[in-house]
>>> print(open('work.csv').read())   # CSV, N, CA and C atoms
chain,number,residue,atom,x,y,z
A,1,MET,N,21.4,-29.9,-47.2
A,1,MET,CA,22.0,-29.1,-46.2
A,1,MET,C,21.5,-27.6,-46.4
A,2,ARG,N,21.3,-27.2,-47.6
A,2,ARG,CA,20.8,-25.9,-47.8
A,2,ARG,C,19.4,-25.7,-47.3
A,3,ARG,N,18.6,-26.7,-47.5
A,3,ARG,CA,17.2,-26.7,-47.0
A,3,ARG,C,17.2,-26.6,-45.5
A,4,MET,N,18.2,-27.3,-44.8
A,4,MET,CA,18.2,-27.2,-43.4
A,4,MET,C,18.6,-25.8,-42.9
A,5,GLY,N,19.4,-25.2,-43.6
A,5,GLY,CA,19.8,-23.8,-43.3
A,5,GLY,C,18.6,-22.8,-43.4
A,6,ILE,N,17.9,-23.0,-44.5
A,6,ILE,CA,16.7,-22.2,-44.8
A,6,ILE,C,15.6,-22.5,-43.7
A,7,LEU,N,15.4,-23.7,-43.3
A,7,LEU,CA,14.5,-24.1,-42.3
A,7,LEU,C,14.9,-23.5,-41.0
A,8,ILE,N,16.1,-23.5,-40.6
A,8,ILE,CA,16.6,-22.8,-39.4
A,8,ILE,C,16.3,-21.3,-39.4
A,9,ILE,N,16.6,-20.7,-40.5
A,9,ILE,CA,16.3,-19.3,-40.7
A,9,ILE,C,14.8,-19.0,-40.5
A,10,LEU,N,14.0,-19.8,-41.2
A,10,LEU,CA,12.5,-19.6,-41.1
A,10,LEU,C,12.0,-19.8,-39.6
A,11,ILE,N,12.5,-20.7,-38.9
A,11,ILE,CA,12.2,-21.0,-37.5
A,11,ILE,C,12.6,-19.7,-36.7
A,12,GLY,N,13.8,-19.2,-37.0
A,12,GLY,CA,14.2,-18.0,-36.3
A,12,GLY,C,13.3,-16.8,-36.5
A,13,PHE,N,12.9,-16.6,-37.7
A,13,PHE,CA,11.9,-15.5,-38.0
A,13,PHE,C,10.6,-15.7,-37.3
A,14,ILE,N,10.1,-16.9,-37.3
A,14,ILE,CA,8.8,-17.2,-36.7
A,14,ILE,C,9.0,-16.9,-35.2
A,15,PHE,N,10.0,-17.4,-34.6
A,15,PHE,CA,10.3,-17.2,-33.1
A,15,PHE,C,10.4,-15.7,-32.8
A,16,ALA,N,11.1,-15.0,-33.7
A,16,ALA,CA,11.3,-13.5,-33.4
A,16,ALA,C,10.0,-12.8,-33.6
A,17,GLY,N,9.1,-13.2,-34.5
A,17,GLY,CA,7.8,-12.6,-34.6
A,17,GLY,C,6.9,-12.9,-33.4
A,18,PHE,N,7.0,-14.1,-32.9
A,18,PHE,CA,6.2,-14.5,-31.7
A,18,PHE,C,6.7,-13.7,-30.5
A,19,GLN,N,8.0,-13.5,-30.4
A,19,GLN,CA,8.5,-12.7,-29.2
A,19,GLN,C,8.0,-11.2,-29.4
A,20,GLY,N,8.1,-10.7,-30.6
A,20,GLY,CA,7.6,-9.3,-30.8
A,20,GLY,C,6.2,-9.2,-30.5
A,21,ALA,N,5.3,-10.1,-30.8
A,21,ALA,CA,3.9,-10.1,-30.5
A,21,ALA,C,3.7,-10.1,-29.0
A,22,LEU,N,4.5,-10.9,-28.3
A,22,LEU,CA,4.3,-11.0,-26.8
A,22,LEU,C,4.8,-9.6,-26.2
A,23,CYS,N,5.8,-9.0,-26.8
A,23,CYS,CA,6.3,-7.8,-26.3
A,23,CYS,C,5.2,-6.7,-26.4
A,24,GLN,N,4.6,-6.7,-27.6
A,24,GLN,CA,3.5,-5.7,-27.9
A,24,GLN,C,2.4,-5.9,-26.9
A,25,GLU,N,2.0,-7.1,-26.6
A,25,GLU,CA,0.9,-7.4,-25.7
A,25,GLU,C,1.2,-6.9,-24.3
A,26,GLN,N,2.5,-7.2,-23.9
A,26,GLN,CA,2.9,-6.7,-22.6
A,26,GLN,C,2.9,-5.2,-22.5
A,27,LYS,N,3.3,-4.5,-23.5
A,27,LYS,CA,3.2,-3.0,-23.6
A,27,LYS,C,1.8,-2.6,-23.4
A,28,GLY,N,0.9,-3.2,-24.1
A,28,GLY,CA,-0.5,-2.9,-24.0
A,28,GLY,C,-1.1,-3.1,-22.6
A,29,GLN,N,-0.7,-4.2,-22.0
A,29,GLN,CA,-1.1,-4.5,-20.6
A,29,GLN,C,-0.5,-3.4,-19.6
A,30,LYS,N,0.7,-3.1,-19.8
A,30,LYS,CA,1.4,-2.2,-19.0
A,30,LYS,C,0.7,-0.8,-19.1
A,31,GLY,N,0.4,-0.4,-20.3
A,31,GLY,CA,-0.2,0.9,-20.5
A,31,GLY,C,-1.6,1.0,-19.8
A,32,GLU,N,-2.4,-0.1,-20.0
A,32,GLU,CA,-3.7,-0.2,-19.4
A,32,GLU,C,-3.6,-0.1,-17.9
A,33,TYR,N,-2.7,-0.9,-17.3
A,33,TYR,CA,-2.5,-1.0,-15.9
A,33,TYR,C,-2.1,0.4,-15.3
A,34,GLN,N,-1.2,1.1,-16.0
A,34,GLN,CA,-0.7,2.4,-15.6
A,34,GLN,C,-1.9,3.4,-15.6
A,35,LYS,N,-2.8,3.3,-16.5
A,35,LYS,CA,-4.0,4.2,-16.6
A,35,LYS,C,-4.9,3.9,-15.4
A,36,GLN,N,-5.0,2.6,-15.1
A,36,GLN,CA,-5.9,2.2,-13.9
A,36,GLN,C,-5.3,2.7,-12.6
A,37,MET,N,-4.0,2.6,-12.5
A,37,MET,CA,-3.3,3.1,-11.2
A,37,MET,C,-3.4,4.6,-11.1
A,38,GLU,N,-3.2,5.3,-12.2
A,38,GLU,CA,-3.2,6.8,-12.2
A,38,GLU,C,-4.6,7.2,-11.8
A,39,SER,N,-5.6,6.5,-12.3
A,39,SER,CA,-7.0,6.9,-12.0
A,39,SER,C,-7.3,6.6,-10.5
A,40,LYS,N,-6.8,5.4,-10.0
A,40,LYS,CA,-7.0,5.1,-8.6
A,40,LYS,C,-6.3,6.1,-7.7
A,41,LEU,N,-5.1,6.5,-8.0
A,41,LEU,CA,-4.4,7.4,-7.1
A,41,LEU,C,-5.1,8.8,-7.2
A,42,LYS,N,-5.6,9.1,-8.3
A,42,LYS,CA,-6.3,10.4,-8.4
A,42,LYS,C,-7.6,10.4,-7.5
A,43,GLU,N,-8.3,9.3,-7.5
A,43,GLU,CA,-9.4,9.1,-6.7
A,43,GLU,C,-9.0,9.2,-5.2
A,44,PHE,N,-7.9,8.6,-4.8
A,44,PHE,CA,-7.4,8.7,-3.4
A,44,PHE,C,-7.1,10.1,-3.1
A,45,LYS,N,-6.5,10.9,-4.0
A,45,LYS,CA,-6.2,12.3,-3.7
A,45,LYS,C,-7.5,13.0,-3.4
A,46,GLN,N,-8.6,12.8,-4.1
A,46,GLN,CA,-9.8,13.4,-3.8
A,46,GLN,C,-10.4,13.0,-2.5
A,47,LYS,N,-10.3,11.7,-2.2
A,47,LYS,CA,-10.8,11.2,-0.9
A,47,LYS,C,-10.0,11.8,0.3
A,48,LEU,N,-8.7,12.0,0.1
A,48,LEU,CA,-7.9,12.6,1.1
A,48,LEU,C,-8.3,14.1,1.4
A,49,GLU,N,-8.6,14.8,0.3
A,49,GLU,CA,-9.1,16.2,0.4
A,49,GLU,C,-10.4,16.2,1.2
A,50,GLU,N,-11.3,15.3,0.9
A,50,GLU,CA,-12.6,15.2,1.6
A,50,GLU,C,-12.3,14.9,3.1
A,51,LEU,N,-11.4,14.0,3.3
A,51,LEU,CA,-11.1,13.6,4.7
A,51,LEU,C,-10.5,14.8,5.5
A,52,LYS,N,-9.7,15.6,4.8
A,52,LYS,CA,-9.1,16.8,5.5
A,52,LYS,C,-10.2,17.8,5.8
A,53,GLY,N,-11.2,17.9,4.9
A,53,GLY,CA,-12.3,18.8,5.2
A,53,GLY,C,-13.1,18.5,6.4
A,54,LYS,N,-13.2,17.2,6.6
A,54,LYS,CA,-14.0,16.7,7.8
A,54,LYS,C,-13.3,16.8,9.1
A,55,ALA,N,-12.0,17.1,9.0
A,55,ALA,CA,-11.2,17.1,10.2
A,55,ALA,C,-11.6,18.3,11.2
A,56,GLY,N,-12.2,19.3,10.6
A,56,GLY,CA,-12.6,20.4,11.4
A,56,GLY,C,-13.7,20.1,12.4
A,57,GLU,N,-14.4,19.0,12.1
A,57,GLU,CA,-15.5,18.5,13.0
A,57,GLU,C,-15.0,17.8,14.2
A,58,LEU,N,-13.7,17.5,14.3
A,58,LEU,CA,-13.2,16.7,15.4
A,58,LEU,C,-12.9,17.5,16.6
A,59,LYS,N,-13.0,16.8,17.8
A,59,LYS,CA,-12.5,17.4,19.0
A,59,LYS,C,-11.0,17.4,19.0
A,60,GLN,N,-10.4,18.1,19.9
A,60,GLN,CA,-8.9,18.3,20.0
A,60,GLN,C,-8.2,16.9,20.1
A,61,GLU,N,-8.7,16.1,21.0
A,61,GLU,CA,-8.1,14.8,21.2
A,61,GLU,C,-8.1,13.9,19.9
A,62,ALA,N,-9.3,13.9,19.4
A,62,ALA,CA,-9.5,13.1,18.1
A,62,ALA,C,-8.7,13.7,17.0
A,63,LYS,N,-8.6,15.0,17.0
A,63,LYS,CA,-7.9,15.7,15.9
A,63,LYS,C,-6.4,15.4,15.9
A,64,GLU,N,-5.8,15.3,17.1
A,64,GLU,CA,-4.4,14.9,17.1
A,64,GLU,C,-4.2,13.5,16.6
A,65,GLU,N,-5.1,12.6,16.9
A,65,GLU,CA,-5.0,11.2,16.4
A,65,GLU,C,-5.2,11.2,14.9
A,66,PHE,N,-6.1,12.0,14.4
A,66,PHE,CA,-6.4,12.2,13.0
A,66,PHE,C,-5.2,12.7,12.3
A,67,ASP,N,-4.6,13.7,12.8
A,67,ASP,CA,-3.4,14.3,12.2
A,67,ASP,C,-2.3,13.3,12.0
A,68,GLN,N,-2.1,12.4,13.1
A,68,GLN,CA,-1.1,11.4,13.0
A,68,GLN,C,-1.4,10.4,11.9
A,69,GLY,N,-2.7,10.0,11.9
A,69,GLY,CA,-3.1,9.0,10.8
A,69,GLY,C,-3.0,9.6,9.4
A,70,MET,N,-3.3,10.9,9.3
A,70,MET,CA,-3.2,11.6,8.1
A,70,MET,C,-1.7,11.6,7.6
A,71,LYS,N,-0.8,11.8,8.5
A,71,LYS,CA,0.6,11.8,8.1
A,71,LYS,C,1.0,10.5,7.5
A,72,GLU,N,0.5,9.4,8.2
A,72,GLU,CA,0.8,8.1,7.7
A,72,GLU,C,0.2,7.8,6.3
A,73,LEU,N,-1.0,8.3,6.2
A,73,LEU,CA,-1.7,8.2,4.9
A,73,LEU,C,-1.0,8.9,3.8
A,74,GLN,N,-0.5,10.1,4.1
A,74,GLN,CA,0.2,10.8,3.1
A,74,GLN,C,1.5,10.1,2.7
A,75,LYS,N,2.2,9.5,3.7
A,75,LYS,CA,3.4,8.7,3.4
A,75,LYS,C,3.1,7.6,2.4
A,76,LYS,N,2.0,6.9,2.7
A,76,LYS,CA,1.6,5.8,1.8
A,76,LYS,C,1.2,6.3,0.4
A,77,GLU,N,0.6,7.4,0.3
A,77,GLU,CA,0.2,8.0,-1.0
A,77,GLU,C,1.5,8.4,-1.7
A,78,GLU,N,2.5,9.0,-1.1
A,78,GLU,CA,3.8,9.3,-1.7
A,78,GLU,C,4.5,8.1,-2.2
A,79,ALA,N,4.4,7.0,-1.4
A,79,ALA,CA,5.1,5.7,-1.8
A,79,ALA,C,4.4,5.2,-3.0
A,80,ALA,N,3.1,5.2,-3.1
A,80,ALA,CA,2.3,4.7,-4.2
A,80,ALA,C,2.6,5.5,-5.5
A,81,ASN,N,2.7,6.8,-5.3
A,81,ASN,CA,3.1,7.7,-6.5
A,81,ASN,C,4.5,7.4,-7.0
A,82,LYS,N,5.4,7.1,-6.0
A,82,LYS,CA,6.8,6.8,-6.4
A,82,LYS,C,6.8,5.5,-7.2
A,83,LYS,N,6.0,4.5,-6.7
A,83,LYS,CA,6.0,3.2,-7.4
A,83,LYS,C,5.4,3.4,-8.8
A,84,LEU,N,4.4,4.3,-8.9
A,84,LEU,CA,3.8,4.5,-10.3
A,84,LEU,C,4.8,5.1,-11.2
A,85,LYS,N,5.6,6.0,-10.7
A,85,LYS,CA,6.7,6.7,-11.5
A,85,LYS,C,7.7,5.6,-11.9
A,86,GLU,N,8.0,4.7,-11.0
A,86,GLU,CA,9.0,3.6,-11.4
A,86,GLU,C,8.4,2.7,-12.4
A,87,LEU,N,7.1,2.4,-12.2
A,87,LEU,CA,6.4,1.5,-13.1
A,87,LEU,C,6.4,2.1,-14.6
A,88,LYS,N,6.2,3.4,-14.7
A,88,LYS,CA,6.2,4.0,-16.0
A,88,LYS,C,7.5,3.9,-16.7
A,89,SER,N,8.6,3.9,-15.9
A,89,SER,CA,9.9,3.8,-16.6
A,89,SER,C,10.4,2.4,-16.7
A,90,ALA,N,9.6,1.4,-16.2
A,90,ALA,CA,10.1,0.0,-16.2
A,90,ALA,C,10.0,-0.6,-17.6
A,91,SER,N,11.0,-1.4,-17.9
A,91,SER,CA,11.0,-2.1,-19.2
A,91,SER,C,9.9,-3.2,-19.2
A,92,THR,N,9.6,-3.7,-20.4
A,92,THR,CA,8.6,-4.8,-20.4
A,92,THR,C,9.1,-6.0,-19.7
A,93,LYS,N,10.4,-6.2,-19.5
A,93,LYS,CA,10.9,-7.3,-18.8
A,93,LYS,C,10.7,-7.2,-17.3
A,94,THR,N,10.8,-6.0,-16.8
A,94,THR,CA,10.7,-5.8,-15.3
A,94,THR,C,9.3,-5.3,-14.8
A,95,TRP,N,8.4,-5.0,-15.7
A,95,TRP,CA,7.2,-4.4,-15.3
A,95,TRP,C,6.3,-5.3,-14.4
A,96,GLU,N,6.4,-6.6,-14.6
A,96,GLU,CA,5.6,-7.6,-13.8
A,96,GLU,C,6.0,-7.4,-12.3
A,97,LYS,N,7.3,-7.3,-12.0
A,97,LYS,CA,7.7,-7.1,-10.6
A,97,LYS,C,7.2,-5.7,-10.1
A,98,MET,N,7.4,-4.7,-11.0
A,98,MET,CA,6.9,-3.4,-10.6
A,98,MET,C,5.4,-3.4,-10.4
A,99,LYS,N,4.7,-4.1,-11.2
A,99,LYS,CA,3.2,-4.2,-11.0
A,99,LYS,C,2.9,-4.8,-9.6
A,100,ALA,N,3.6,-5.8,-9.2
A,100,ALA,CA,3.4,-6.4,-7.9
A,100,ALA,C,3.7,-5.4,-6.8
A,101,ASP,N,4.8,-4.6,-6.9
A,101,ASP,CA,5.2,-3.6,-6.0
A,101,ASP,C,4.1,-2.5,-5.9
A,102,MET,N,3.6,-2.1,-7.1
A,102,MET,CA,2.6,-1.1,-7.2
A,102,MET,C,1.3,-1.6,-6.5
A,103,ASP,N,0.9,-2.8,-6.7
A,103,ASP,CA,-0.3,-3.4,-6.1
A,103,ASP,C,-0.2,-3.4,-4.6
A,104,LYS,N,1.0,-3.7,-4.1
A,104,LYS,CA,1.3,-3.7,-2.7
A,104,LYS,C,1.2,-2.3,-2.1
A,105,ALA,N,1.7,-1.3,-2.8
A,105,ALA,CA,1.7,0.1,-2.3
A,105,ALA,C,0.3,0.6,-2.3
A,106,VAL,N,-0.5,0.3,-3.3
A,106,VAL,CA,-1.9,0.7,-3.3
A,106,VAL,C,-2.7,0.0,-2.2
A,107,ASP,N,-2.4,-1.3,-2.0
A,107,ASP,CA,-3.1,-2.0,-1.0
A,107,ASP,C,-2.9,-1.4,0.4
A,108,GLU,N,-1.6,-1.0,0.7
A,108,GLU,CA,-1.3,-0.4,1.9
A,108,GLU,C,-2.0,1.0,2.1
A,109,LEU,N,-2.1,1.7,1.0
A,109,LEU,CA,-2.8,3.0,1.0
A,109,LEU,C,-4.2,2.8,1.3
A,110,GLU,N,-4.9,1.8,0.7
A,110,GLU,CA,-6.3,1.5,0.9
A,110,GLU,C,-6.5,1.1,2.4
A,111,LYS,N,-5.6,0.3,2.9
A,111,LYS,CA,-5.8,-0.2,4.3
A,111,LYS,C,-5.7,1.0,5.3
A,112,GLN,N,-4.7,1.9,5.0
A,112,GLN,CA,-4.6,3.1,5.9
A,112,GLN,C,-5.8,4.0,5.8
A,113,TYR,N,-6.3,4.2,4.6
A,113,TYR,CA,-7.5,5.0,4.4
A,113,TYR,C,-8.7,4.4,5.1
A,114,ASP,N,-8.9,3.1,4.9
A,114,ASP,CA,-10.0,2.4,5.6
A,114,ASP,C,-9.9,2.5,7.1
A,115,LYS,N,-8.6,2.5,7.6
A,115,LYS,CA,-8.4,2.6,9.1
A,115,LYS,C,-8.8,4.1,9.5
A,116,MET,N,-8.4,5.0,8.7
A,116,MET,CA,-8.8,6.4,9.0
A,116,MET,C,-10.3,6.6,9.0
A,117,ILE,N,-11.0,6.1,8.0
A,117,ILE,CA,-12.4,6.2,7.9
A,117,ILE,C,-13.1,5.5,9.1
A,118,SER,N,-12.7,4.3,9.4
A,118,SER,CA,-13.3,3.6,10.5
A,118,SER,C,-13.1,4.4,11.8
A,119,GLY,N,-11.9,5.0,12.0
A,119,GLY,CA,-11.7,5.9,13.2
A,119,GLY,C,-12.6,7.1,13.2
A,120,PHE,N,-12.8,7.6,12.0
A,120,PHE,CA,-13.7,8.8,11.9
A,120,PHE,C,-15.1,8.5,12.3
A,121,LYS,N,-15.6,7.3,11.9
A,121,LYS,CA,-17.0,6.9,12.2
A,121,LYS,C,-17.2,6.7,13.7
A,122,LYS,N,-16.1,6.4,14.4
A,122,LYS,CA,-16.2,6.1,15.9
A,122,LYS,C,-16.4,7.4,16.6
A,123,THR,N,-15.8,8.5,16.1
A,123,THR,CA,-15.9,9.8,16.8
A,123,THR,C,-17.2,10.6,16.5
>>> encode(input="work.csv", output="structure tokens")
Amino acid sequence: MRRMGILIILIGFIFAGFQGALCQEQKGQKGEYQKQMESKLKEFKQKLEELKGKAGELKQEAKEEFDQGMKELQKKEEAANKKLKELKSASTKTWEKMKADMDKAVDELEKQYDKMISGFKKT
């Protein structure tokens, strides 16, 4: 009976150690992903500034359309930055869902940017 109790305790320690290792791995993945997203959003910020600089080349009609698209792009950028902030404060249990939300926000930002660039090339 005593051996059974010791065996159960040992199994508990092994399981706890395994869970701790998984938690550490998730923290590492989360940290790496955060760095990637921070870098990506920083790149987008630079691209937006370049895009704003090119706006002076547009005719009035195209400029109004550009301004509207730029507002939409800035909303998407704000949403992505908000998701990044939420991701940073997410627990290891919830970060997978937050990662999916972040991926979606960045994808929407990229689509809007591509739309703006393609419109710019037409003018």
>>> closest_residue(input="work.csv", among="A:Lys71, A:Lys52, A:Lys35, A:Lys83", to="A:Lys99", atoms="all atoms listed in the file")
A:Lys83
>>> atom_distance(input="work.csv", atom1="atom N of A:Gln34", atom2="atom N of A:Lys88")
7.9 Å
>>> atom_distance(input="work.csv", atom1="atom CA of A:Leu87", atom2="atom N of A:Lys75")
19.1 Å
>>> residues_around(input="work.csv", residues="A:Met102", least_positions_apart="3", cutoff="8 Å", atoms="all atoms listed in the file", output="ChimeraX atom specification")
/A:79-80,82-84,87,96-99,105-108
>>> closest_residue(input="work.csv", among="A:Ser91, A:Gln60, A:Ser39, A:Gln46", to="A:Tyr113", atoms="only C-alpha atoms")
A:Gln46
>>> atom_distance(input="work.csv", atom1="atom C of A:Gln74", atom2="atom CA of A:Leu109")
8.5 Å
